[in-house]
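File shown here: data_22.txt, holding compact mmCIF, C-alpha atoms.
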# COMPACT_ATOMS: atom_id res chain seq x y z
CA MET Q 14 0.00 0.00 0.00
CA SER Q 15 1.21 3.48 -0.91
CA ARG Q 16 0.91 6.39 1.58
CA GLN Q 17 -0.10 9.73 0.01
CA GLN Q 18 -1.66 13.03 0.92
CA THR Q 19 -3.98 15.51 -0.77
CA ARG Q 20 -6.63 18.16 -0.18
CA GLY Q 21 -10.19 17.44 -1.26
CA ILE Q 22 -13.85 18.41 -1.06
CA VAL Q 23 -16.39 15.81 0.05
CA LEU Q 24 -19.07 15.45 -2.65
CA SER Q 25 -21.17 12.63 -1.20
CA ARG Q 26 -21.05 9.84 1.35
CA SER Q 27 -22.67 6.48 2.00
CA LEU Q 28 -22.70 4.16 5.00
CA SER Q 29 -20.62 1.00 4.78
CA GLY Q 30 -21.25 -1.55 7.52
CA GLU Q 31 -22.00 -0.16 10.96
CA ALA Q 32 -19.14 2.27 11.43
CA ASP Q 33 -17.54 3.20 8.09
CA TYR Q 34 -18.34 5.92 5.58
CA ILE Q 35 -17.37 5.75 1.91
CA CYS Q 36 -17.04 9.22 0.42
CA SER Q 37 -16.71 10.57 -3.09
CA ILE Q 38 -14.13 13.36 -2.78
CA PHE Q 39 -12.92 15.74 -5.48
CA THR Q 40 -9.21 16.16 -4.84
CA LYS Q 41 -6.97 18.95 -5.99
CA ASP Q 42 -4.37 16.74 -7.64
CA ARG Q 43 -6.22 13.52 -8.57
CA GLY Q 44 -9.74 14.57 -9.46
CA ARG Q 45 -12.66 12.60 -8.08
CA GLU Q 46 -11.70 9.60 -5.96
CA LYS Q 47 -13.38 7.25 -3.46
CA PHE Q 48 -12.19 7.15 0.14
CA ILE Q 49 -13.23 5.07 3.12
CA PHE Q 50 -13.23 6.48 6.66
CA LYS Q 51 -12.99 3.35 8.78
CA GLY Q 52 -14.78 3.41 12.12
CA ILE Q 53 -15.51 7.15 12.00
CA ARG Q 54 -19.22 6.74 12.65
CA LYS Q 55 -18.53 5.37 16.13
CA SER Q 56 -15.23 7.10 16.87
CA ARG Q 57 -14.98 9.44 19.86
CA LYS Q 58 -11.71 10.98 18.69
CA ARG Q 59 -12.34 11.61 14.99
CA PRO Q 60 -15.23 13.98 14.14
CA ARG Q 61 -17.91 12.49 11.91
CA SER Q 62 -18.27 15.92 10.27
CA ALA Q 63 -15.12 15.17 8.28
CA SER Q 64 -17.20 12.95 6.03
CA GLU Q 65 -20.08 15.42 5.54
CA PRO Q 66 -20.61 16.68 1.96
CA GLY Q 67 -19.09 20.12 1.47
CA THR Q 68 -16.30 19.66 4.01
CA ILE Q 69 -12.81 20.51 2.77
CA LEU Q 70 -10.11 18.20 4.11
CA ASP Q 71 -6.38 17.67 4.15
CA ILE Q 72 -6.07 13.90 3.91
CA ILE Q 73 -3.35 11.32 4.45
CA TYR Q 74 -4.42 8.03 2.91
CA TYR Q 75 -3.33 4.67 1.60
CA THR Q 76 -4.03 3.40 -1.88
CA GLY Q 77 -4.94 -0.25 -2.26
CA LYS Q 78 -3.18 -2.71 -4.55
CA SER Q 79 -6.44 -3.35 -6.35
CA GLY Q 80 -9.66 -1.43 -6.73
CA PRO Q 81 -10.44 2.30 -6.58
CA LEU Q 82 -11.04 2.63 -2.82
CA ASN Q 83 -8.51 4.64 -0.79
CA THR Q 84 -8.26 4.31 3.00
CA VAL Q 85 -8.05 7.53 5.04
CA SER Q 86 -5.58 7.26 7.91
CA GLU Q 87 -5.38 10.91 9.06
CA PHE Q 88 -7.16 14.15 8.24
CA ASP Q 89 -7.50 17.80 9.19
CA ILE Q 90 -10.68 19.76 8.49
CA ALA Q 91 -9.82 22.93 6.55
CA SER Q 92 -13.45 24.10 6.26
CA SER Q 93 -16.77 22.69 7.46
CA CYS Q 94 -19.03 25.21 5.62
CA GLY Q 95 -20.42 26.63 8.85
CA ALA Q 96 -21.65 29.82 7.15
CA ILE Q 97 -23.70 27.77 4.68
CA ARG Q 98 -25.32 25.31 7.07
CA GLY Q 99 -27.36 27.99 8.82
CA SER Q 100 -29.58 28.64 5.78
CA SER Q 101 -31.80 26.07 4.08
CA ASN Q 102 -31.53 27.82 0.71
CA SER Q 103 -27.75 27.80 0.95
CA ILE Q 104 -27.70 24.16 2.07
CA PHE Q 105 -29.84 23.10 -0.90
CA SER Q 106 -27.63 25.16 -3.21
CA LEU Q 107 -24.52 23.48 -1.79
CA CYS Q 108 -26.10 20.05 -2.31
CA TYR Q 109 -26.76 20.92 -5.93
CA MET Q 110 -23.21 22.14 -6.55
CA LEU Q 111 -21.73 18.99 -5.03
CA GLU Q 112 -24.10 16.66 -6.91
CA LEU Q 113 -23.37 18.48 -10.17
CA ILE Q 114 -19.65 17.77 -9.85
CA ASP Q 115 -20.18 14.26 -8.49
CA ALA Q 116 -22.51 13.26 -11.32
CA THR Q 117 -20.61 14.77 -14.25
CA THR Q 118 -16.91 14.07 -13.56
CA GLY Q 119 -15.12 10.77 -13.94
CA PHE Q 120 -12.95 9.05 -11.36
CA GLY Q 121 -9.31 10.04 -11.69
CA ASP Q 122 -10.08 12.80 -14.19
CA ILE Q 123 -7.62 15.41 -12.93
CA ASN Q 124 -8.87 18.99 -13.31
CA GLU Q 125 -7.53 21.55 -10.87
CA ARG Q 126 -9.73 24.24 -12.43
CA ILE Q 127 -12.85 22.37 -11.35
CA TYR Q 128 -11.43 21.96 -7.85
CA SER Q 129 -10.70 25.71 -7.69
CA LEU Q 130 -14.17 26.59 -8.99
CA LEU Q 131 -15.85 24.40 -6.39
CA SER Q 132 -13.62 25.55 -3.54
CA ALA Q 133 -14.17 29.23 -4.38
CA GLY Q 134 -17.85 28.53 -4.98
CA ILE Q 135 -18.36 27.09 -1.50
CA ASP Q 136 -16.67 30.15 -0.01
CA SER Q 137 -18.79 32.57 -2.09
CA LEU Q 138 -22.02 30.71 -1.32
CA GLY Q 139 -21.36 31.21 2.39
CA LYS Q 140 -21.08 34.96 1.89
CA THR Q 141 -23.89 35.80 -0.52
CA GLU Q 142 -27.49 36.67 0.34
CA HIS Q 143 -28.55 35.59 -3.16
CA PRO Q 144 -27.94 31.83 -3.42
CA LEU Q 145 -30.02 31.34 -6.59
CA HIS Q 146 -28.11 34.08 -8.40
CA PHE Q 147 -24.87 32.44 -7.36
CA LEU Q 148 -26.06 28.97 -8.35
CA ILE Q 149 -26.75 30.18 -11.88
CA PHE Q 150 -23.32 31.81 -11.97
CA PHE Q 151 -21.63 28.62 -10.75
CA THR Q 152 -23.52 26.37 -13.17
CA ALA Q 153 -22.79 28.61 -16.15
CA ARG Q 154 -19.10 28.81 -15.28
CA TYR Q 155 -18.91 25.04 -14.85
CA MET Q 156 -20.59 24.44 -18.20
CA ASP Q 157 -18.22 26.88 -19.86
CA MET Q 158 -15.25 25.15 -18.21
CA GLN Q 159 -16.49 21.80 -19.54
CA GLY Q 160 -16.85 23.24 -23.03
CA ILE Q 161 -20.61 22.69 -23.28
CA MET Q 162 -21.88 26.27 -23.01
CA PRO Q 163 -23.22 27.51 -26.36
CA GLU Q 164 -22.31 30.97 -27.70
CA THR Q 165 -24.20 33.63 -25.73
CA GLU Q 166 -22.87 36.94 -27.04
CA SER Q 167 -24.63 36.95 -30.42
CA CYS Q 168 -27.65 35.58 -32.25
CA SER Q 169 -27.03 31.99 -33.30
CA TRP Q 170 -28.89 32.59 -36.56
CA CYS Q 171 -27.89 36.00 -37.95
CA GLY Q 172 -24.86 36.83 -35.80
CA ARG Q 173 -26.23 40.08 -34.36
CA GLY Q 174 -24.68 40.86 -31.02
CA GLU Q 175 -23.70 44.35 -29.95
CA GLY Q 176 -26.83 46.29 -28.97
CA ALA Q 177 -29.25 43.51 -29.90
CA GLU Q 178 -31.82 42.19 -27.42
CA LEU Q 179 -31.19 38.45 -27.21
CA PHE Q 180 -33.46 35.66 -26.04
CA LEU Q 181 -32.35 32.23 -24.84
CA ASP Q 182 -33.93 29.05 -26.16
CA PRO Q 183 -34.65 27.00 -22.99
CA VAL Q 184 -33.81 23.67 -24.65
CA SER Q 185 -30.80 24.31 -26.89
CA LEU Q 186 -29.51 27.38 -24.96
CA ARG Q 187 -28.94 29.08 -28.32
CA MET Q 188 -29.42 32.84 -28.42
CA SER Q 189 -31.83 34.49 -30.86
CA CYS Q 190 -32.45 38.15 -31.57
CA SER Q 191 -36.04 39.44 -31.79
CA GLY Q 192 -35.97 39.10 -35.59
CA CYS Q 193 -34.91 35.46 -35.52
CA SER Q 194 -36.78 34.20 -32.47
CA GLY Q 195 -39.95 33.52 -34.48
CA GLY Q 196 -42.12 34.19 -31.46
CA GLY Q 197 -41.33 30.79 -29.93
CA LYS Q 198 -40.92 30.04 -26.25
CA ALA Q 199 -37.78 31.64 -24.86
CA VAL Q 200 -36.20 32.57 -21.57
CA ASN Q 201 -36.81 36.28 -20.96
CA SER Q 202 -34.22 38.85 -21.99
CA THR Q 203 -33.39 39.73 -18.34
CA ALA Q 204 -32.30 36.14 -17.66
CA SER Q 205 -30.41 36.08 -20.97
CA ARG Q 206 -28.50 39.23 -19.97
CA TYR Q 207 -27.74 37.72 -16.58
CA LEU Q 208 -26.29 34.61 -18.20
CA ARG Q 209 -23.96 36.69 -20.37
CA HIS Q 210 -22.97 38.73 -17.31
CA CYS Q 211 -22.12 35.52 -15.42
CA LEU Q 212 -19.82 34.36 -18.20
CA ARG Q 213 -18.05 37.72 -18.54
CA ASP Q 214 -17.49 38.86 -14.95
CA LYS Q 215 -16.65 37.64 -11.47
CA PHE Q 216 -19.65 37.16 -9.20
CA SER Q 217 -18.39 39.92 -6.92
CA ARG Q 218 -18.83 42.37 -9.82
CA ILE Q 219 -22.47 41.40 -10.43
CA GLU Q 220 -25.23 43.28 -8.62
CA PRO Q 221 -27.93 40.64 -7.96
CA ASN Q 222 -30.55 43.28 -7.13
CA ASN Q 223 -30.49 44.32 -10.78
CA TYR Q 224 -31.83 40.89 -11.75
CA ASP Q 225 -35.17 39.95 -10.21
CA ARG Q 226 -35.12 36.43 -8.76
CA GLU Q 227 -38.42 35.46 -10.38
CA LEU Q 228 -37.20 36.56 -13.79
CA ILE Q 229 -33.94 34.62 -13.69
CA SER Q 230 -35.21 31.43 -12.00
CA PRO Q 231 -36.29 29.85 -15.35
CA LEU Q 232 -32.67 30.18 -16.44
CA PHE Q 233 -31.49 27.89 -13.66
CA PHE Q 234 -33.88 25.13 -14.66
CA SER Q 235 -32.94 25.49 -18.32
CA LEU Q 236 -29.26 25.06 -17.43
CA ARG Q 237 -30.10 22.07 -15.24
CA ALA Q 238 -32.15 20.41 -17.99
CA TYR Q 239 -29.37 20.97 -20.52
CA ILE Q 240 -26.79 19.37 -18.22
CA GLU Q 241 -29.04 16.41 -17.44
CA ASN Q 242 -29.60 15.78 -21.13
CA TYR Q 243 -25.95 16.24 -22.07
CA PHE Q 244 -24.51 13.96 -19.37
CA SER Q 245 -27.54 11.62 -19.13
CA VAL Q 246 -27.90 12.20 -15.39
CA LYS Q 247 -30.65 13.25 -12.99
CA LEU Q 248 -29.75 16.02 -10.53
CA LYS Q 249 -32.19 15.20 -7.73
CA SER Q 250 -31.07 18.00 -5.40
CA ALA Q 251 -32.47 20.58 -7.84
CA ASP Q 252 -35.95 19.42 -6.85
CA MET Q 253 -35.32 20.76 -3.33
CA LEU Q 254 -34.65 24.18 -4.79
CA VAL Q 255 -38.06 24.19 -6.49
CA LYS Q 256 -39.73 24.01 -3.08
CA THR Q 257 -37.84 26.93 -1.53
Turn the structure described in the file into structure tokens.
Amino acid sequence: MSRQQTRGIVLSRSLSGEADYICSIFTKDRGREKFIFKGIRKSRKRPRSASEPGTILDIIYYTGKSGPLNTVSEFDIASSCGAIRGSSNSIFSLCYMLELIDATTGFGDINERIYSLLSAGIDSLGKTEHPLHFLIFFTARYMDMQGIMPETESCSWCGRGEGAELFLDPVSLRMSCSGCSGGGKAVNSTASRYLRHCLRDKFSRIEPNNYDRELISPLFFSLRAYIENYFSVKLKSADMLVKT
């Protein structure tokens, strides 16, 4: 067995036996990996919170000779997301972010940019009073990072961009100007502008109060549906956001 160390973000966990947790963790240097915390559920010395989704850990672990499961021997909690866990909206948003990464990345697919996006995203989610606005920002940035975000700065049909009012098709995410939209169903222009803003600027430079929550909420569900179709997954945590 090989002894190694890394920093990672817990994406999900499941109970194994009576005392162990198996966690999916997105690590900084190895991508998504599976780790087992032996005996942590009944331990009096090691906090169970280390295995909670959203926790950021420094881990010392052993890799097995066969199979993908790594055994955690030591850990330090770098962040337990305390600022997020006090708000149900923020908790549901965190669950969605974690499930999004867990469901759409492969084991051992190293991508430090995704790790940085998720790490910074958890920090930003704990600070913002507008979790839905941030969730759209995070999702759009992740899609762009994965190379699956369609062109948003100009009409997909005629190429008009600068000064044109653009509308987003909720299925294909292609932009259309008023002349090319054909009067079909489209996400409103406010949400379309917000999407372009998310892809151009840092979240700290966006003023959420300029974008009404009710007007941009259809955008979130369009992005979710596009991801689910593209990756052939079901993001169940998004259903919790519908109820809030």
| task | For CA of Arg213 (chain Q) and CA of Asp157 (chain Q), quote the distance in Å rounded to one decimal. | result | 10.9 Å
| remark: One decimal place gives the CA of Lys47 (chain Q)-CA of Asp33 (chain Q) separation as 12.9 Å
| said: Given all atoms listed in the file as the basis, pick out the residue of Q:Cys94, Q:Leu186, Q:Ala32, Q:Val200 nearest to Ile229 (chain Q). | reply: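 Closest to Ile229 (chain Q) of all the choices is Q:Val200.
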| Could you state the separation of CA of Gly192 (chain Q) and CA of Phe180 (chain Q) in Å, given to one decimal place? |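 Separating CA of Gly192 (chain Q) from CA of Phe180 (chain Q) is a distance of 10.5 Å.
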| field | Non-local contacts of Tyr155 (chain Q) (12 Å; all atoms listed in the file; under 4 positions in same chain excluded) as an MDAnalysis selection string | value | chainID Q and resid 110:111 113:114 117:118 124 126:131 134 148:151 159:162 211:212 236:237 240
| task | Using only C-alpha atoms, give me every residue within 12 Å of (-17.3, 32.8, -3.9) in file coordinates, as number ranges by chain. | result | Q: 97, 107, 129-144, 146-148, 150-151, 215-219
| query | Using all atoms listed in the file, which residues sit within 8 Å of Gly119 (chain Q) once same-chain residues fewer than 2 positions away are excluded, as a list in words? | reply |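 Listed by chain and then number, they are Gly44, Arg45, Thr117, Gly121 and Asp122 of chain Q.
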Name all residues at most 8 Å from Gly21 (chain Q) (count only C-alpha atoms; drop same-chain ones fewer than 4 positions away) and give them as a short mmCIF file (atom, residue, chain, number, x, y, z; two decimals) with C-alpha atoms, in the coordinates of the input.
data_model
loop_
_atom_site.label_atom_id
_atom_site.label_comp_id
_atom_site.auth_asym_id
_atom_site.auth_seq_id
_atom_site.Cartn_x
_atom_site.Cartn_y
_atom_site.Cartn_z
CA ILE Q 38 -14.13 13.36 -2.78
CA PHE Q 39 -12.92 15.74 -5.48
CA THR Q 40 -9.21 16.16 -4.84
CA LYS Q 41 -6.97 18.95 -5.99
CA ILE Q 69 -12.81 20.51 2.77
CA LEU Q 70 -10.11 18.20 4.11
CA ASP Q 71 -6.38 17.67 4.15
CA ILE Q 72 -6.07 13.90 3.91
#
| remark: Residue with the minimum atom-to-atom distance to Ser92 (chain Q), picked from Q:Pro163, Q:Gly67, Q:Gly172, Q:Pro60 with all atoms listed in the file counted, is Q:Gly67
| For Glu87 (chain Q), which residue among Q:Ser235, Q:Asn223, Q:Thr19, Q:Asn201 is the nearest when counting all atoms listed in the file? |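 Going through Q:Ser235, Q:Asn223, Q:Thr19, Q:Asn201 one by one, the smallest distance to Glu87 (chain Q) is for Q:Thr19.
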| task | Name the residues in contact with Asn83 (chain Q) at a cut-off of 12 Å, using only C-alpha atoms, excluding same-chain residues fewer than 6 positions from it; report them as an NGL selection string. | result | :Q and (14-19 or 34-38 or 45-51 or 72-77)
| said: Between Q:Asp214, Q:Leu145, Q:Glu31, Q:Cys171, which residue has the minimum interatomic distance to Asn102 (chain Q), considering all atoms listed in the file? | reply: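 Between Q:Asp214, Q:Leu145, Q:Glu31, Q:Cys171, the residue approaching Asn102 (chain Q) most closely is Q:Leu145.
Residue neighbourhood of region 252-254 of chain Q, excluding near-sequence residues (fewer than 4 positions): Ser101, Asn102, Ser103, Ile104, Phe105, Ser106, Cys108, Tyr109, Leu145, Phe234 and Leu248 of chain Q, at 10 Å, using only C-alpha atoms.
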Expected file: the selected residues, C-alpha atoms, as a PDB file, in the frame of the given file:
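Contents of the output file out-v1.pdb:
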ATOM      1  CA  SER Q 101     -31.800  26.070   4.080  1.00  0.00           C
ATOM      2  CA  ASN Q 102     -31.530  27.820   0.710  1.00  0.00           C
ATOM      3  CA  SER Q 103     -27.750  27.800   0.950  1.00  0.00           C
ATOM      4  CA  ILE Q 104     -27.700  24.160   2.070  1.00  0.00           C
ATOM      5  CA  PHE Q 105     -29.840  23.100  -0.900  1.00  0.00           C
ATOM      6  CA  SER Q 106     -27.630  25.160  -3.210  1.00  0.00           C
ATOM      7  CA  CYS Q 108     -26.100  20.050  -2.310  1.00  0.00           C
ATOM      8  CA  TYR Q 109     -26.760  20.920  -5.930  1.00  0.00           C
ATOM      9  CA  LEU Q 145     -30.020  31.340  -6.590  1.00  0.00           C
ATOM     10  CA  PHE Q 234     -33.880  25.130 -14.660  1.00  0.00           C
ATOM     11  CA  LEU Q 248     -29.750  16.020 -10.530  1.00  0.00           C
TER      12      LEU Q 248
END
| query | With distances taken over only C-alpha atoms, which of Q:Glu166, Q:Glu175, Q:Asp42, Q:Glu112 is nearest to Tyr207 (chain Q)? | reply |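 Closest to Tyr207 (chain Q) of all the choices is Q:Glu166.
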| field | Residue among Q:Ser250, Q:Ser29, Q:Thr165, Q:Thr68 lying closest to Arg54 (chain Q), counting all atoms listed in the file | value | Q:Ser29
Could the centre and edge lengths of an axis-aligned box, enclosing all atoms of region 232-246 of chain Q in the file with 6 Å extra on each side, be given in Å to one decimal as JSON?
{"center_x": -29.2, "center_y": 20.9, "center_z": -17.9, "size_x": 21.4, "size_y": 30.6, "size_z": 20.4}
Just add all heavy atoms to region 55-66 of chain Q and send it as a compact mmCIF listing (two decimals), in the coordinates of the input.
# COMPACT_ATOMS: atom_id res chain seq x y z
N LYS Q 55 -18.47 5.68 14.70
CA LYS Q 55 -18.53 5.37 16.13
C LYS Q 55 -17.33 5.89 16.90
O LYS Q 55 -17.22 5.66 18.11
CB LYS Q 55 -18.65 3.85 16.32
CG LYS Q 55 -19.95 3.27 15.80
CD LYS Q 55 -20.10 1.80 16.15
CE LYS Q 55 -21.46 1.27 15.74
NZ LYS Q 55 -21.64 -0.15 16.10
N SER Q 56 -16.44 6.61 16.21
CA SER Q 56 -15.23 7.10 16.87
C SER Q 56 -15.54 8.27 17.80
O SER Q 56 -16.35 9.14 17.48
CB SER Q 56 -14.21 7.53 15.81
OG SER Q 56 -13.09 8.12 16.43
N ARG Q 57 -14.85 8.31 18.94
CA ARG Q 57 -14.98 9.44 19.86
C ARG Q 57 -13.87 10.47 19.65
O ARG Q 57 -13.95 11.57 20.18
CB ARG Q 57 -14.93 8.93 21.30
CG ARG Q 57 -16.12 8.05 21.68
CD ARG Q 57 -16.05 7.65 23.14
NE ARG Q 57 -17.21 6.84 23.54
CZ ARG Q 57 -17.40 6.37 24.77
NH1 ARG Q 57 -16.49 6.62 25.72
NH2 ARG Q 57 -18.46 5.65 25.05
N LYS Q 58 -12.86 10.10 18.89
CA LYS Q 58 -11.71 10.98 18.69
C LYS Q 58 -11.73 11.68 17.32
O LYS Q 58 -11.20 12.77 17.19
CB LYS Q 58 -10.41 10.19 18.83
CG LYS Q 58 -10.19 9.62 20.23
CD LYS Q 58 -8.86 8.87 20.30
CE LYS Q 58 -8.62 8.33 21.70
NZ LYS Q 58 -7.33 7.59 21.78
N ARG Q 59 -12.32 11.03 16.34
CA ARG Q 59 -12.34 11.61 14.99
C ARG Q 59 -13.75 12.11 14.67
O ARG Q 59 -14.70 11.34 14.70
CB ARG Q 59 -11.89 10.58 13.96
CG ARG Q 59 -10.49 10.05 14.23
CD ARG Q 59 -9.95 9.29 13.02
NE ARG Q 59 -10.78 8.15 12.66
CZ ARG Q 59 -10.67 7.50 11.51
NH1 ARG Q 59 -9.78 7.88 10.62
NH2 ARG Q 59 -11.45 6.47 11.25
N PRO Q 60 -13.90 13.41 14.37
CA PRO Q 60 -15.23 13.98 14.14
C PRO Q 60 -15.89 13.41 12.88
O PRO Q 60 -15.29 13.35 11.81
CB PRO Q 60 -14.95 15.48 13.99
CG PRO Q 60 -13.52 15.56 13.56
CD PRO Q 60 -12.83 14.42 14.25
N ARG Q 61 -17.15 13.02 13.03
CA ARG Q 61 -17.91 12.49 11.91
C ARG Q 61 -18.12 13.56 10.83
O ARG Q 61 -18.34 13.24 9.66
CB ARG Q 61 -19.26 11.98 12.40
CG ARG Q 61 -20.02 11.14 11.39
CD ARG Q 61 -21.40 10.76 11.89
NE ARG Q 61 -21.37 10.13 13.19
CZ ARG Q 61 -22.46 9.69 13.82
NH1 ARG Q 61 -23.66 9.83 13.25
NH2 ARG Q 61 -22.36 9.12 15.01
N SER Q 62 -18.05 14.82 11.21
CA SER Q 62 -18.27 15.92 10.27
C SER Q 62 -17.25 15.93 9.14
O SER Q 62 -17.48 16.54 8.10
CB SER Q 62 -18.23 17.27 11.00
OG SER Q 62 -16.96 17.46 11.62
N ALA Q 63 -16.13 15.23 9.34
CA ALA Q 63 -15.12 15.17 8.28
C ALA Q 63 -15.66 14.52 7.02
O ALA Q 63 -15.18 14.79 5.92
CB ALA Q 63 -13.89 14.41 8.78
N SER Q 64 -16.65 13.66 7.18
CA SER Q 64 -17.20 12.95 6.03
C SER Q 64 -18.44 13.62 5.46
O SER Q 64 -19.03 13.12 4.49
CB SER Q 64 -17.55 11.51 6.43
OG SER Q 64 -18.56 11.49 7.42
N GLU Q 65 -18.87 14.75 6.02
CA GLU Q 65 -20.08 15.42 5.54
C GLU Q 65 -19.82 16.12 4.20
O GLU Q 65 -18.79 16.78 4.03
CB GLU Q 65 -20.57 16.43 6.56
CG GLU Q 65 -21.17 15.82 7.80
CD GLU Q 65 -21.74 16.86 8.74
OE1 GLU Q 65 -21.65 18.06 8.41
OE2 GLU Q 65 -22.26 16.47 9.80
N PRO Q 66 -20.76 16.00 3.26
CA PRO Q 66 -20.61 16.68 1.96
C PRO Q 66 -20.39 18.18 2.13
O PRO Q 66 -21.07 18.83 2.93
CB PRO Q 66 -21.94 16.38 1.26
CG PRO Q 66 -22.35 15.05 1.83
CD PRO Q 66 -21.95 15.12 3.29
